[in-house]
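Data file: work-v9.cif. Format and content: mmCIF, C-alpha atoms and all ligand atoms.
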data_input
loop_
_atom_site.label_atom_id
_atom_site.label_comp_id
_atom_site.auth_asym_id
_atom_site.auth_seq_id
_atom_site.Cartn_x
_atom_site.Cartn_y
_atom_site.Cartn_z
CA MET A 1223 -1.85 0.33 46.44
CA ARG A 1224 -2.37 1.17 42.77
CA TYR A 1225 -1.95 -1.70 40.32
CA ILE A 1226 -2.15 -2.45 36.60
CA GLU A 1227 -4.06 -5.43 35.22
CA PRO A 1228 -1.94 -6.28 32.16
CA HIS A 1229 -4.13 -9.09 30.81
CA ALA A 1230 -7.92 -9.12 31.12
CA HIS A 1231 -10.71 -9.83 28.64
CA MET A 1232 -13.15 -7.22 29.82
CA VAL A 1233 -15.57 -7.70 26.92
CA SER A 1234 -16.57 -10.87 28.81
CA ARG A 1235 -16.88 -9.22 32.23
CA THR A 1236 -19.58 -7.26 33.96
CA THR A 1237 -19.69 -3.69 35.20
CA ASP A 1238 -19.52 -5.15 38.74
CA ASP A 1239 -16.06 -6.48 37.87
CA TYR A 1240 -14.94 -3.05 36.68
CA ARG A 1241 -16.25 -1.50 39.88
CA GLN A 1242 -14.54 -4.07 42.11
CA MET A 1243 -11.24 -3.73 40.24
CA ALA A 1244 -11.39 0.06 40.59
CA LEU A 1245 -12.12 -0.27 44.31
CA SER A 1246 -9.12 -2.60 44.67
CA GLY A 1247 -6.74 -0.02 43.18
CA CYS A 1248 -6.71 -0.92 39.49
CA VAL A 1249 -5.83 2.15 37.40
CA ALA A 1250 -5.26 0.58 33.97
CA ILE A 1251 -6.21 -2.59 32.12
CA SER A 1252 -4.63 -3.99 28.99
CA GLU A 1253 -6.92 -6.25 26.99
CA PRO A 1254 -5.52 -8.62 24.35
CA ALA A 1255 -7.71 -9.82 21.50
CA PHE A 1256 -8.65 -13.45 22.14
CA TRP A 1257 -10.91 -16.36 21.27
CA ALA A 1258 -14.61 -15.79 21.85
CA GLY A 1259 -15.11 -19.43 22.89
CA TRP A 1260 -16.43 -20.12 19.39
CA ASP A 1261 -14.84 -19.51 15.99
CA ARG A 1262 -15.70 -16.24 14.27
CA SER A 1263 -16.85 -16.89 10.73
CA THR A 1264 -15.50 -13.84 8.85
CA ALA A 1265 -12.86 -11.11 8.88
CA ASP A 1266 -15.78 -8.68 9.27
CA GLY A 1267 -16.54 -10.36 12.59
CA PHE A 1268 -12.98 -9.58 13.72
CA GLU A 1269 -13.30 -5.96 12.60
CA ASP A 1270 -16.37 -5.54 14.74
CA TYR A 1271 -14.47 -7.05 17.68
CA PHE A 1272 -11.57 -4.63 17.11
CA ARG A 1273 -14.05 -1.75 17.13
CA GLN A 1274 -15.44 -3.03 20.42
CA LEU A 1275 -11.89 -3.17 21.87
CA THR A 1276 -10.92 0.30 20.65
CA GLU A 1277 -14.19 2.25 20.87
CA PHE A 1278 -16.68 0.82 23.32
CA GLU A 1279 -14.55 -0.90 25.98
CA PRO A 1280 -12.39 2.19 26.76
CA ARG A 1281 -15.60 4.15 27.39
CA ARG A 1282 -16.93 1.42 29.68
CA ALA A 1283 -13.67 1.38 31.69
CA ALA A 1284 -13.53 5.19 31.92
CA ILE A 1285 -16.77 5.23 33.92
CA TYR A 1286 -14.80 3.56 36.73
CA GLY A 1287 -11.72 5.75 36.32
CA ILE A 1288 -9.75 2.94 34.67
CA LYS A 1289 -7.62 3.51 31.55
CA HIS A 1290 -8.27 0.80 28.98
CA TYR A 1291 -5.72 -0.42 26.42
CA ALA A 1292 -6.05 -3.06 23.70
CA TRP A 1293 -4.02 -5.49 21.57
CA LEU A 1294 -5.14 -6.74 18.18
CA CYS A 1295 -4.73 -10.06 16.35
CA LEU A 1296 -6.37 -13.28 15.31
CA ASN A 1297 -5.81 -15.44 18.42
CA PRO A 1298 -3.98 -18.81 18.50
CA LYS A 1299 -7.20 -20.85 18.91
CA GLU A 1300 -8.19 -19.73 15.41
CA GLY A 1301 -4.66 -19.67 14.00
CA GLU A 1302 -5.12 -22.98 12.20
CA ASN A 1303 -7.33 -21.20 9.64
CA ARG A 1304 -4.65 -19.67 7.41
CA LYS A 1305 -7.03 -18.05 4.95
CA LEU A 1306 -8.95 -16.21 7.66
CA ALA A 1307 -5.70 -15.30 9.43
CA ARG A 1308 -4.35 -13.62 6.29
CA GLU A 1309 -7.58 -11.69 5.80
CA VAL A 1310 -7.63 -10.49 9.40
CA ILE A 1311 -3.94 -9.52 9.43
CA GLU A 1312 -4.54 -7.38 6.33
CA ARG A 1313 -7.19 -5.41 8.19
CA ILE A 1314 -5.24 -4.79 11.42
CA PRO A 1315 -2.95 -1.90 10.31
CA LYS A 1316 -5.80 0.57 9.94
CA PHE A 1317 -6.56 0.11 13.68
CA LEU A 1318 -3.00 0.54 14.95
CA ASP A 1319 -3.22 4.33 15.22
CA ARG A 1320 -6.23 4.19 17.50
CA PRO A 1321 -5.28 5.83 20.80
CA ASN A 1322 -5.65 2.79 23.10
CA VAL A 1323 -3.83 0.24 20.90
CA LEU A 1324 -0.53 -0.98 22.37
CA GLY A 1325 0.45 -3.68 19.90
CA ILE A 1326 -0.17 -7.14 18.47
CA GLY A 1327 -1.56 -9.84 20.80
CA GLU A 1328 -2.29 -12.20 22.20
CA ILE A 1329 -0.65 -14.21 19.47
CA GLY A 1330 1.13 -17.53 19.93
CA LEU A 1331 0.28 -21.20 19.72
CA ASN A 1332 -2.57 -23.40 20.90
CA ARG A 1333 -1.88 -27.03 19.88
CA ASN A 1334 1.54 -26.31 18.38
CA THR A 1335 0.58 -27.00 14.76
CA LEU A 1336 2.45 -25.98 11.61
CA ASN A 1337 -0.38 -23.66 10.58
CA GLU A 1338 -0.53 -22.00 14.00
CA LEU A 1339 3.20 -21.40 13.78
CA GLU A 1340 2.84 -19.79 10.34
CA THR A 1341 0.04 -17.55 11.59
CA PHE A 1342 2.21 -16.64 14.59
CA ARG A 1343 5.14 -15.68 12.33
CA ASP A 1344 2.84 -13.54 10.14
CA HIS A 1345 1.70 -11.61 13.22
CA VAL A 1346 5.29 -11.09 14.43
CA ARG A 1347 6.19 -9.77 10.97
CA LEU A 1348 3.20 -7.41 11.15
CA ALA A 1349 4.26 -6.15 14.59
CA LEU A 1350 7.87 -5.56 13.55
CA ASP A 1351 6.87 -3.82 10.30
CA HIS A 1352 4.66 -1.41 12.27
CA HIS A 1353 6.94 -1.06 15.32
CA GLN A 1354 4.34 -2.55 17.67
CA LEU A 1355 4.82 -4.26 21.04
CA ILE A 1356 4.06 -8.01 21.09
CA LEU A 1357 1.99 -9.92 23.66
CA ILE A 1358 2.24 -13.70 23.48
CA HIS A 1359 -0.06 -16.45 24.71
CA THR A 1360 1.72 -19.73 25.47
CA PRO A 1361 -0.29 -22.96 25.10
CA HIS A 1362 -2.15 -24.81 27.82
CA LEU A 1363 -1.13 -27.76 29.97
CA GLU A 1364 0.89 -30.47 28.20
CA ASP A 1365 1.43 -28.18 25.19
CA LYS A 1366 3.00 -25.29 27.12
CA TYR A 1367 6.61 -26.47 27.33
CA LYS A 1368 6.91 -27.43 23.67
CA GLY A 1369 4.92 -24.39 22.53
CA THR A 1370 7.04 -21.97 24.52
CA ARG A 1371 10.18 -23.47 22.98
CA LEU A 1372 8.72 -23.18 19.46
CA ILE A 1373 7.65 -19.58 20.12
CA ILE A 1374 11.06 -18.51 21.44
CA GLY A 1375 12.77 -20.20 18.49
CA ALA A 1376 10.49 -18.46 16.00
CA LEU A 1377 11.01 -15.05 17.66
CA LEU A 1378 14.79 -15.38 17.67
CA ASP A 1379 14.69 -16.14 13.92
CA PHE A 1380 13.80 -12.46 13.34
CA PRO A 1381 17.16 -10.66 13.31
CA GLU A 1382 15.63 -7.30 14.30
CA MET A 1383 13.84 -8.81 17.34
CA ASP A 1384 14.15 -6.75 20.54
CA PRO A 1385 13.13 -9.13 23.36
CA SER A 1386 12.39 -6.31 25.82
CA ARG A 1387 9.44 -5.35 23.55
CA VAL A 1388 7.94 -8.85 23.81
CA MET A 1389 5.86 -10.25 26.69
CA ILE A 1390 5.64 -14.07 26.75
CA ASP A 1391 2.66 -14.67 29.02
CA HIS A 1392 1.17 -17.57 31.01
CA ALA A 1393 4.63 -18.78 32.12
CA GLU A 1394 4.95 -21.53 34.72
CA GLU A 1395 7.82 -23.12 36.63
CA HIS A 1396 9.07 -25.10 33.61
CA THR A 1397 8.99 -22.19 31.12
CA ALA A 1398 9.89 -19.03 33.06
CA GLU A 1399 13.64 -19.67 32.89
CA MET A 1400 13.84 -20.11 29.10
CA ILE A 1401 11.78 -16.94 28.57
CA LEU A 1402 13.77 -14.72 30.94
CA SER A 1403 17.21 -16.04 30.00
CA ASN A 1404 16.52 -15.07 26.37
CA GLY A 1405 15.80 -11.49 27.43
CA PHE A 1406 12.01 -11.54 27.02
CA ARG A 1407 9.53 -10.31 29.60
CA THR A 1408 7.18 -12.79 31.21
CA GLY A 1409 3.76 -12.86 32.84
CA LEU A 1410 2.26 -15.24 35.40
CA THR A 1411 -1.44 -15.89 35.04
CA LEU A 1412 -3.32 -16.45 38.29
CA TYR A 1413 -6.05 -19.00 37.59
CA PRO A 1414 -8.19 -20.99 40.01
CA GLU A 1415 -7.37 -24.39 38.43
CA THR A 1416 -4.89 -24.21 35.57
CA LYS A 1417 -1.80 -22.01 35.15
CA VAL A 1418 -0.49 -20.77 38.53
CA SER A 1419 -1.96 -20.37 42.01
CA LEU A 1420 -1.22 -17.34 44.19
CA ALA A 1421 1.35 -19.23 46.28
CA ARG A 1422 3.14 -20.64 43.23
CA ALA A 1423 3.24 -17.22 41.58
CA VAL A 1424 5.03 -15.81 44.63
CA ASP A 1425 7.39 -18.83 44.57
CA ILE A 1426 8.24 -18.11 40.92
CA VAL A 1427 8.92 -14.44 41.64
CA GLU A 1428 11.11 -15.43 44.61
CA THR A 1429 12.99 -17.92 42.44
CA HIS A 1430 13.49 -15.75 39.35
CA GLY A 1431 13.69 -12.29 40.88
CA PHE A 1432 11.71 -9.12 40.37
CA LYS A 1433 12.94 -8.13 36.91
CA ARG A 1434 10.87 -8.32 33.70
CA ILE A 1435 8.05 -10.23 35.39
CA TYR A 1436 4.44 -9.32 36.15
CA VAL A 1437 1.21 -11.05 37.13
CA ASN A 1438 -2.30 -10.97 35.66
CA SER A 1439 -5.75 -12.48 36.08
CA ALA A 1440 -6.42 -13.15 32.37
CA CYS A 1441 -10.07 -13.04 33.42
CA ASP A 1442 -12.41 -13.96 30.56
CA TRP A 1443 -15.66 -15.87 29.91
CA GLY A 1444 -14.30 -18.98 31.70
CA HIS A 1445 -13.46 -19.88 35.29
CA SER A 1446 -11.23 -16.94 36.27
CA ASN A 1447 -10.95 -14.21 38.89
CA PRO A 1448 -10.73 -10.47 38.13
CA ALA A 1449 -9.53 -9.87 41.71
CA ALA A 1450 -6.50 -12.15 41.26
CA VAL A 1451 -3.84 -9.41 41.20
CA PRO A 1452 -4.92 -7.81 44.53
CA GLN A 1453 -5.05 -11.34 45.98
CA PHE A 1454 -1.48 -11.88 44.77
CA MET A 1455 -0.53 -8.70 46.63
CA MET A 1456 -2.05 -10.19 49.80
CA GLU A 1457 -0.08 -13.40 49.26
CA MET A 1458 3.15 -11.38 48.90
CA ARG A 1459 2.39 -9.63 52.20
CA ARG A 1460 1.63 -12.98 53.85
CA ARG A 1461 5.14 -14.10 52.84
CA GLY A 1462 6.69 -10.98 54.32
CA HIS A 1463 7.66 -9.14 51.13
CA SER A 1464 8.05 -5.36 51.27
CA GLU A 1465 5.53 -2.93 49.80
CA GLU A 1466 8.27 -1.81 47.38
CA ALA A 1467 8.70 -5.36 46.09
CA ILE A 1468 4.94 -5.79 45.64
CA ARG A 1469 4.63 -2.45 43.87
CA ARG A 1470 7.40 -3.43 41.50
CA VAL A 1471 5.57 -6.57 40.31
CA VAL A 1472 2.02 -5.21 40.09
CA PHE A 1473 2.65 -1.61 39.01
CA GLU A 1474 6.16 -0.68 37.90
CA ASN A 1475 6.97 -3.77 35.83
CA PRO A 1476 3.74 -3.61 33.79
CA ILE A 1477 4.37 0.09 33.16
CA ALA A 1478 8.00 -0.58 32.18
CA PHE A 1479 6.75 -2.92 29.45
CA LEU A 1480 3.59 -1.14 28.30
CA SER A 1481 5.07 2.37 28.28
CA GLN A 1482 7.31 1.35 25.38
CA SER A 1483 4.21 2.09 23.32
CA PRO A 1484 3.68 5.82 22.73
CA HIS A 1485 -0.04 5.21 23.31
CA PHE A 1486 0.47 4.26 26.96
CA ALA A 1487 0.10 7.11 29.46
CA VAL A 1488 2.28 6.57 32.56
CA PRO A 1489 0.07 7.15 35.64
CA ALA A 1490 0.81 10.40 37.45
CA GLY A 1491 3.55 10.13 40.06
CA ALA A 1492 4.94 6.87 38.69
CA GLU A 1493 7.55 8.26 36.29
CA GLU A 1494 10.65 7.94 38.47
CA SER A 1495 10.06 4.50 39.92
CA VAL A 1496 9.17 3.22 36.47
CA ALA A 1497 12.41 4.51 35.02
CA ALA A 1498 14.21 2.56 37.77
CA ALA A 1499 12.25 -0.62 36.99
CA ALA A 1500 13.07 -0.36 33.29
CA VAL A 1501 16.80 -0.89 33.92
CA MET B 963 16.20 -15.81 46.40
CA LYS B 964 15.06 -17.65 49.48
CA CYS B 965 11.48 -17.61 50.75
CA PRO B 966 11.47 -14.93 53.48
CA MET B 967 9.64 -17.25 55.91
CA THR B 968 11.31 -19.63 58.36
CA THR B 969 10.61 -23.37 58.05
CA THR B 970 8.23 -23.37 60.99
CA ARG B 971 6.44 -20.33 59.64
CA ILE B 972 6.01 -21.97 56.21
CA VAL B 973 4.55 -25.05 57.90
CA ASP B 974 2.30 -22.88 60.10
CA GLU B 975 1.00 -20.95 57.09
CA TYR B 976 0.72 -23.66 54.43
CA PHE B 977 0.34 -27.03 56.18
CA ILE B 978 -3.46 -27.11 56.56
CA GLU B 979 -4.24 -26.12 52.96
CA ASN B 980 -1.78 -28.67 51.60
CA ARG B 981 -3.05 -31.40 53.92
CA HIS B 982 -6.46 -30.66 52.43
CA ARG B 983 -5.08 -31.02 48.88
CA LEU B 984 -3.44 -34.32 49.74
CA LEU B 985 -6.74 -35.72 51.05
CA ASP B 986 -8.46 -34.57 47.86
CA ILE B 987 -5.93 -36.54 45.80
CA ALA B 988 -6.42 -39.62 47.99
CA ALA B 989 -10.20 -39.34 47.60
CA PHE B 990 -9.83 -38.94 43.81
CA LEU B 991 -7.83 -42.18 43.60
CA ASP B 992 -10.36 -44.01 45.83
CA ARG B 993 -13.21 -42.67 43.67
CA LEU B 994 -11.62 -44.16 40.57
CA GLU B 995 -11.75 -47.58 42.28
CA ARG B 996 -15.47 -47.09 42.96
CA SER B 997 -16.31 -46.18 39.35
CA ALA B 998 -19.67 -47.37 37.97
CA ASP B 999 -18.03 -49.56 35.30
CA SER B 1000 -15.04 -50.70 37.42
CA GLN B 1001 -12.72 -50.02 34.48
CA ASP B 1002 -9.03 -49.92 35.23
CA ALA B 1003 -8.08 -46.25 35.45
CA GLU B 1004 -4.42 -47.16 34.92
CA ALA B 1005 -5.20 -47.67 31.24
CA ASP B 1006 -5.83 -43.93 30.89
CA PHE B 1007 -2.68 -42.02 29.86
CA ARG B 1008 -3.64 -39.14 32.14
CA ILE B 1009 -3.74 -41.39 35.21
CA GLN B 1010 -0.45 -43.00 34.20
CA ALA B 1011 1.10 -39.52 34.13
CA PHE B 1012 -0.59 -38.70 37.44
CA ARG B 1013 1.10 -41.74 39.05
CA GLY B 1014 4.42 -40.62 37.61
CA ALA B 1015 3.89 -37.16 39.10
CA LEU B 1016 3.13 -38.66 42.51
CA GLN B 1017 6.43 -40.61 42.40
CA THR B 1018 8.22 -37.33 41.72
CA LEU B 1019 6.86 -35.89 44.95
CA VAL B 1020 8.47 -38.58 47.12
CA ASP B 1021 11.74 -39.37 45.32
CA GLY B 1022 13.69 -37.02 47.58
CA ARG B 1023 15.17 -34.99 44.72
CA GLY B 1024 14.56 -31.24 44.42
CA GLU B 1025 12.86 -29.14 41.75
CA ARG B 1026 9.62 -31.07 42.25
CA VAL B 1027 7.26 -28.62 40.58
CA ARG B 1028 9.36 -28.31 37.42
CA ARG B 1029 9.76 -32.08 37.20
CA VAL B 1030 6.03 -32.69 37.75
CA HIS B 1031 5.37 -30.26 34.88
CA MET B 1032 7.71 -32.29 32.69
CA VAL B 1033 5.91 -35.55 33.53
CA PHE B 1034 2.75 -34.03 32.03
CA SER B 1035 4.44 -32.17 29.15
CA ASP B 1036 4.80 -33.08 25.48
CA PRO B 1037 8.55 -33.77 25.20
CA THR B 1038 8.67 -33.70 21.38
CA ALA B 1039 10.09 -30.78 19.40
CA GLU B 1040 8.36 -30.91 16.00
CA PRO B 1041 5.11 -29.00 15.39
CA ARG B 1042 1.93 -31.07 14.90
CA ALA B 1043 1.12 -31.59 11.22
CA ALA B 1044 -2.53 -30.59 11.73
CA LEU B 1045 -4.93 -29.58 14.47
CA ASP B 1046 -6.41 -32.63 16.25
CA ARG B 1047 -8.66 -30.73 18.64
CA LYS B 1048 -8.76 -27.29 20.24
CA ALA B 1049 -8.37 -28.22 23.91
CA ALA B 1050 -5.36 -29.79 25.65
CA TYR B 1051 -5.81 -32.96 27.72
CA GLY B 1052 -3.68 -32.05 30.73
CA ALA B 1053 -1.15 -34.82 30.04
CA TYR B 1054 0.86 -35.90 27.03
CA ASN B 1055 -0.40 -39.06 25.35
CA PRO B 1056 2.61 -41.07 24.18
CA GLY B 1057 0.26 -43.44 22.33
CA LYS B 1058 -0.82 -40.57 20.09
CA ALA B 1059 2.67 -39.25 19.43
CA ALA B 1060 2.25 -39.66 15.68
CA LEU B 1061 -0.51 -37.03 15.48
ZN ZN C 1601 -5.89 -14.06 27.33
#
Take the structure I supplied and represent it as structure tokens, if you would.
Amino acid sequence: MRYIEPHAHMVSRTTDDYRQMALSGCVAISEPAFWAGWDRSTADGFEDYFRQLTEFEPRRAAIYGIKHYAWLCLNPKEGENRKLAREVIERIPKFLDRPNVLGIGEIGLNRNTLNELETFRDHVRLALDHHQLILIHTPHLEDKYKGTRLIIGALLDFPEMDPSRVMIDHAEEHTAEMILSNGFRTGLTLYPETKVSLARAVDIVETHGFKRIYVNSACDWGHSNPAAVPQFMMEMRRRGHSEEAIRRVVFENPIAFLSQSPHFAVPAGAEESVAAAAV
Amino acid sequence: MKCPMTTTRIVDEYFIENRHRLLDIAAFLDRLERSADSQDAEADFRIQAFRGALQTLVDGRGERVRRVHMVFSDPTAEPRAALDRKAAYGAYNPGKAAL
């Protein structure tokens, strides 16, 4: 079965990962800008990263027949630095016309600070001013519940906000309901230790239904698994879910969200089922 | 919606892996009692939350996973005034609520 990986940090992964993902049926990857594991020192450093995401990485993916898309921002782990955030945000618009750019992300909160929240709002403003999709990172562990609430509150403060153009990612059992009931889309991140396991991800889909929800590996430089989405598909089959239901979560729902950007090319043969999933 | 599996089928499929997890938790708690410095682990806010989470599992009320999340979660609503550190702890520290 074909699938989309809607959240992967391929700059941190090897060519073996690309090959394995292609062999498992991955046809497209969307890669949000994120924290390198260390703080970048200048806005120039971010520009180089954006060039990597929009020039080099798509070429690397194409070798394996995978379409590569990117999101741009200064990530929440560095959001405390307001001066740097302003400098980086100023430089983002000139990249937005690049053919693989889908929007602004992954923005959000890390430790739920006032400065992080200001940096988050600045990015949302940027996205709305340039009619970009928004991809949101919710905080880790004990900070997730509070951070998700703060994020939803901040988003709803923008009167022109269209929740169907916003993905609030890394949801878990205590945050999925507040995201979906406010009309946003949500993602479940399949991690070996934190976030959700394969079995819990299927539980959440069973509990909340198959609308506006997708799964991702969020594979990066840390402990993570680029094969997580195909493993989720196996877990769905183990539970007895139909192929149609699986396809909806791993293929049609990601396309329904991402194809709201004119830069996203709907994979051949998927047009009709995607139109159905969008409703 | 319901889980498509019958009760027996869920037990057949998931019992062994969850038995394994339960033994890992038991061993973790025993390990704390064998620590090199014999310090009381109960003084650590993370272990206090862990105990609270374990109670949630056996109190006979539903929605266990959501309630376990809430045991570990920061219940406050106001943003932090400033960044204390980059990484989360895994449990909310009520003693540091003023940060
Ligand atoms: Zn990420």
Give me the residues near Val1030 in chain B as a ChimeraX atom specification, where near means some atom within 9 Å (using only C-alpha atoms) and where sequence neighbours in that chain fewer than 3 positions away do not count. /B:1012,1014-1016,1018-1019,1025-1027,1033-1035
Can you tell me which residues surround range 1337-1354 of chain A at a distance of at most 6 Å, considering all atoms listed in the file, apart from same-chain residues fewer than 5 positions away, and format the answer as a list of chain:residue names? A:Gly1301, A:Glu1302, A:Gly1325, A:Ile1326, A:Gly1330, A:Leu1331
When the cut-off is 12 Å and you count all atoms listed in the file, which residues lie near ligand ZN 1601 (chain C), shown as a VMD selection string? chain A and resid 1227 to 1234 1252 to 1259 1292 to 1295 1297 to 1299 1327 to 1330 1332 1357 to 1362 1390 to 1392 1409 to 1413 1417 1438 to 1444 1446
So which one's closest to chain B, A:Gly1462, A:Pro1321, A:Pro1385, A:Pro1315? Using all atoms listed in the file, please.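 For chain B, the nearest of the given residues is A:Gly1462.
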Please find the residues of chain B near chain A - the criterion being any atom within 6 Å, counting only C-alpha atoms - and write them as a list in words.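 Residues satisfying the distance criterion: Met963, Arg1028, Phe1034, Ser1035, Asp1036, Pro1041, Arg1042, Ala1043, Ala1044, Gly1052, Ala1053 and Tyr1054 of chain B.
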Length of the CA of Met1389 in chain A to CA of Ala1449 in chain A vector [Å]: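 Separation of CA of Met1389 in chain A and CA of Ala1449 in chain A: 21.5 Å.
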With only C-alpha atoms as the basis for distance, which of B:Asn1055, B:Ala1011, B:Ala1050, B:Asp992 is at the shortest distance from His1031 in chain B?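 Under the stated criterion, the closest residue is B:Ala1011.
Checking A:Asn1404, A:Val1451, A:Gly1375, A:Thr1276 one by one against Glu1040 in chain B, counting all atoms listed in the file, you find the shortest gap at A:Gly1375.
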Do a neighbour search on Pro1484 in chain A at 12 Å with all atoms listed in the file, toss out local chain neighbours closer than 3 positions, and write the hits as JSON, numbers by chain. {"A": [1291, 1318, 1319, 1320, 1321, 1322, 1323, 1324, 1325, 1353, 1354, 1355, 1477, 1479, 1480, 1481, 1487, 1488]}
Take the point (5.1, -3.7, 38.0) in the file's coordinates, draw a sphere of radius 10 Å around it, and report as a PyMOL selection string every protein, DNA or RNA residue with an atom inside or on it, counting all atoms listed in the file. chain A and resi 1225-1228+1432-1437+1467-1479+1495-1496+1499-1500
May I have the selected residues written with C-alpha atoms, as a tab-separated table (two decimals), keeping the file's coordinate frame?
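As written to disk, selection_16.tsv reads:
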chain	number	residue	atom	x	y	z
A	1225	TYR	CA	-1.95	-1.70	40.32
A	1226	ILE	CA	-2.15	-2.45	36.60
A	1227	GLU	CA	-4.06	-5.43	35.22
A	1228	PRO	CA	-1.94	-6.28	32.16
A	1432	PHE	CA	11.71	-9.12	40.37
A	1433	LYS	CA	12.94	-8.13	36.91
A	1434	ARG	CA	10.87	-8.32	33.70
A	1435	ILE	CA	8.05	-10.23	35.39
A	1436	TYR	CA	4.44	-9.32	36.15
A	1437	VAL	CA	1.21	-11.05	37.13
A	1467	ALA	CA	8.70	-5.36	46.09
A	1468	ILE	CA	4.94	-5.79	45.64
A	1469	ARG	CA	4.63	-2.45	43.87
A	1470	ARG	CA	7.40	-3.43	41.50
A	1471	VAL	CA	5.57	-6.57	40.31
A	1472	VAL	CA	2.02	-5.21	40.09
A	1473	PHE	CA	2.65	-1.61	39.01
A	1474	GLU	CA	6.16	-0.68	37.90
A	1475	ASN	CA	6.97	-3.77	35.83
A	1476	PRO	CA	3.74	-3.61	33.79
A	1477	ILE	CA	4.37	0.09	33.16
A	1478	ALA	CA	8.00	-0.58	32.18
A	1479	PHE	CA	6.75	-2.92	29.45
A	1495	SER	CA	10.06	4.50	39.92
A	1496	VAL	CA	9.17	3.22	36.47
A	1499	ALA	CA	12.25	-0.62	36.99
A	1500	ALA	CA	13.07	-0.36	33.29
In Å and to one decimal, CA of Pro1448 in chain A is distant from CA of Asp1238 in chain A by 10.3 Å
Neighbouring residues of Asp1270 in chain A were defined as those with any atom within 12 Å, considering all atoms listed in the file; residues of the same chain fewer than 6 positions away were excluded. Please report them as a list in words. Ala1255, Arg1262, Thr1264, Thr1276, Glu1277, Phe1278, Leu1294, Val1310, Arg1313, Ile1314 and Phe1317 of chain A
Any idea what the distance is between CA of His1445 in chain A and CA of Pro1414 in chain A?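 Interatomic distance here is 7.2 Å.
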Final N, CA and C atoms of range 970-981 of chain B as a PDB file, in the frame of the given file:
ATOM      1  N   THR B 970       9.415 -23.206  60.133  1.00  0.00           N
ATOM      2  CA  THR B 970       8.230 -23.370  60.990  1.00  0.00           C
ATOM      3  C   THR B 970       7.089 -22.472  60.525  1.00  0.00           C
ATOM      4  N   ARG B 971       7.463 -21.281  60.103  1.00  0.00           N
ATOM      5  CA  ARG B 971       6.440 -20.330  59.640  1.00  0.00           C
ATOM      6  C   ARG B 971       5.787 -20.848  58.349  1.00  0.00           C
ATOM      7  N   ILE B 972       6.575 -21.412  57.447  1.00  0.00           N
ATOM      8  CA  ILE B 972       6.010 -21.970  56.210  1.00  0.00           C
ATOM      9  C   ILE B 972       5.035 -23.087  56.562  1.00  0.00           C
ATOM     10  N   VAL B 973       5.438 -23.951  57.498  1.00  0.00           N
ATOM     11  CA  VAL B 973       4.550 -25.050  57.900  1.00  0.00           C
ATOM     12  C   VAL B 973       3.286 -24.479  58.551  1.00  0.00           C
ATOM     13  N   ASP B 974       3.465 -23.504  59.448  1.00  0.00           N
ATOM     14  CA  ASP B 974       2.300 -22.880  60.100  1.00  0.00           C
ATOM     15  C   ASP B 974       1.322 -22.332  59.066  1.00  0.00           C
ATOM     16  N   GLU B 975       1.857 -21.637  58.068  1.00  0.00           N
ATOM     17  CA  GLU B 975       1.000 -20.950  57.090  1.00  0.00           C
ATOM     18  C   GLU B 975       0.380 -21.906  56.073  1.00  0.00           C
ATOM     19  N   TYR B 976       1.149 -22.904  55.619  1.00  0.00           N
ATOM     20  CA  TYR B 976       0.720 -23.660  54.430  1.00  0.00           C
ATOM     21  C   TYR B 976       0.374 -25.123  54.695  1.00  0.00           C
ATOM     22  N   PHE B 977       0.563 -25.604  55.940  1.00  0.00           N
ATOM     23  CA  PHE B 977       0.340 -27.030  56.180  1.00  0.00           C
ATOM     24  C   PHE B 977      -1.127 -27.424  55.965  1.00  0.00           C
ATOM     25  N   ILE B 978      -2.043 -26.694  56.581  1.00  0.00           N
ATOM     26  CA  ILE B 978      -3.460 -27.110  56.560  1.00  0.00           C
ATOM     27  C   ILE B 978      -3.990 -27.152  55.125  1.00  0.00           C
ATOM     28  N   GLU B 979      -3.688 -26.126  54.315  1.00  0.00           N
ATOM     29  CA  GLU B 979      -4.240 -26.120  52.960  1.00  0.00           C
ATOM     30  C   GLU B 979      -3.641 -27.242  52.105  1.00  0.00           C
ATOM     31  N   ASN B 980      -2.389 -27.596  52.386  1.00  0.00           N
ATOM     32  CA  ASN B 980      -1.780 -28.670  51.600  1.00  0.00           C
ATOM     33  C   ASN B 980      -2.184 -30.061  52.099  1.00  0.00           C
ATOM     34  N   ARG B 981      -2.454 -30.172  53.371  1.00  0.00           N
ATOM     35  CA  ARG B 981      -3.050 -31.400  53.920  1.00  0.00           C
ATOM     36  C   ARG B 981      -4.385 -31.665  53.240  1.00  0.00           C
TER      37      ARG B 981
END
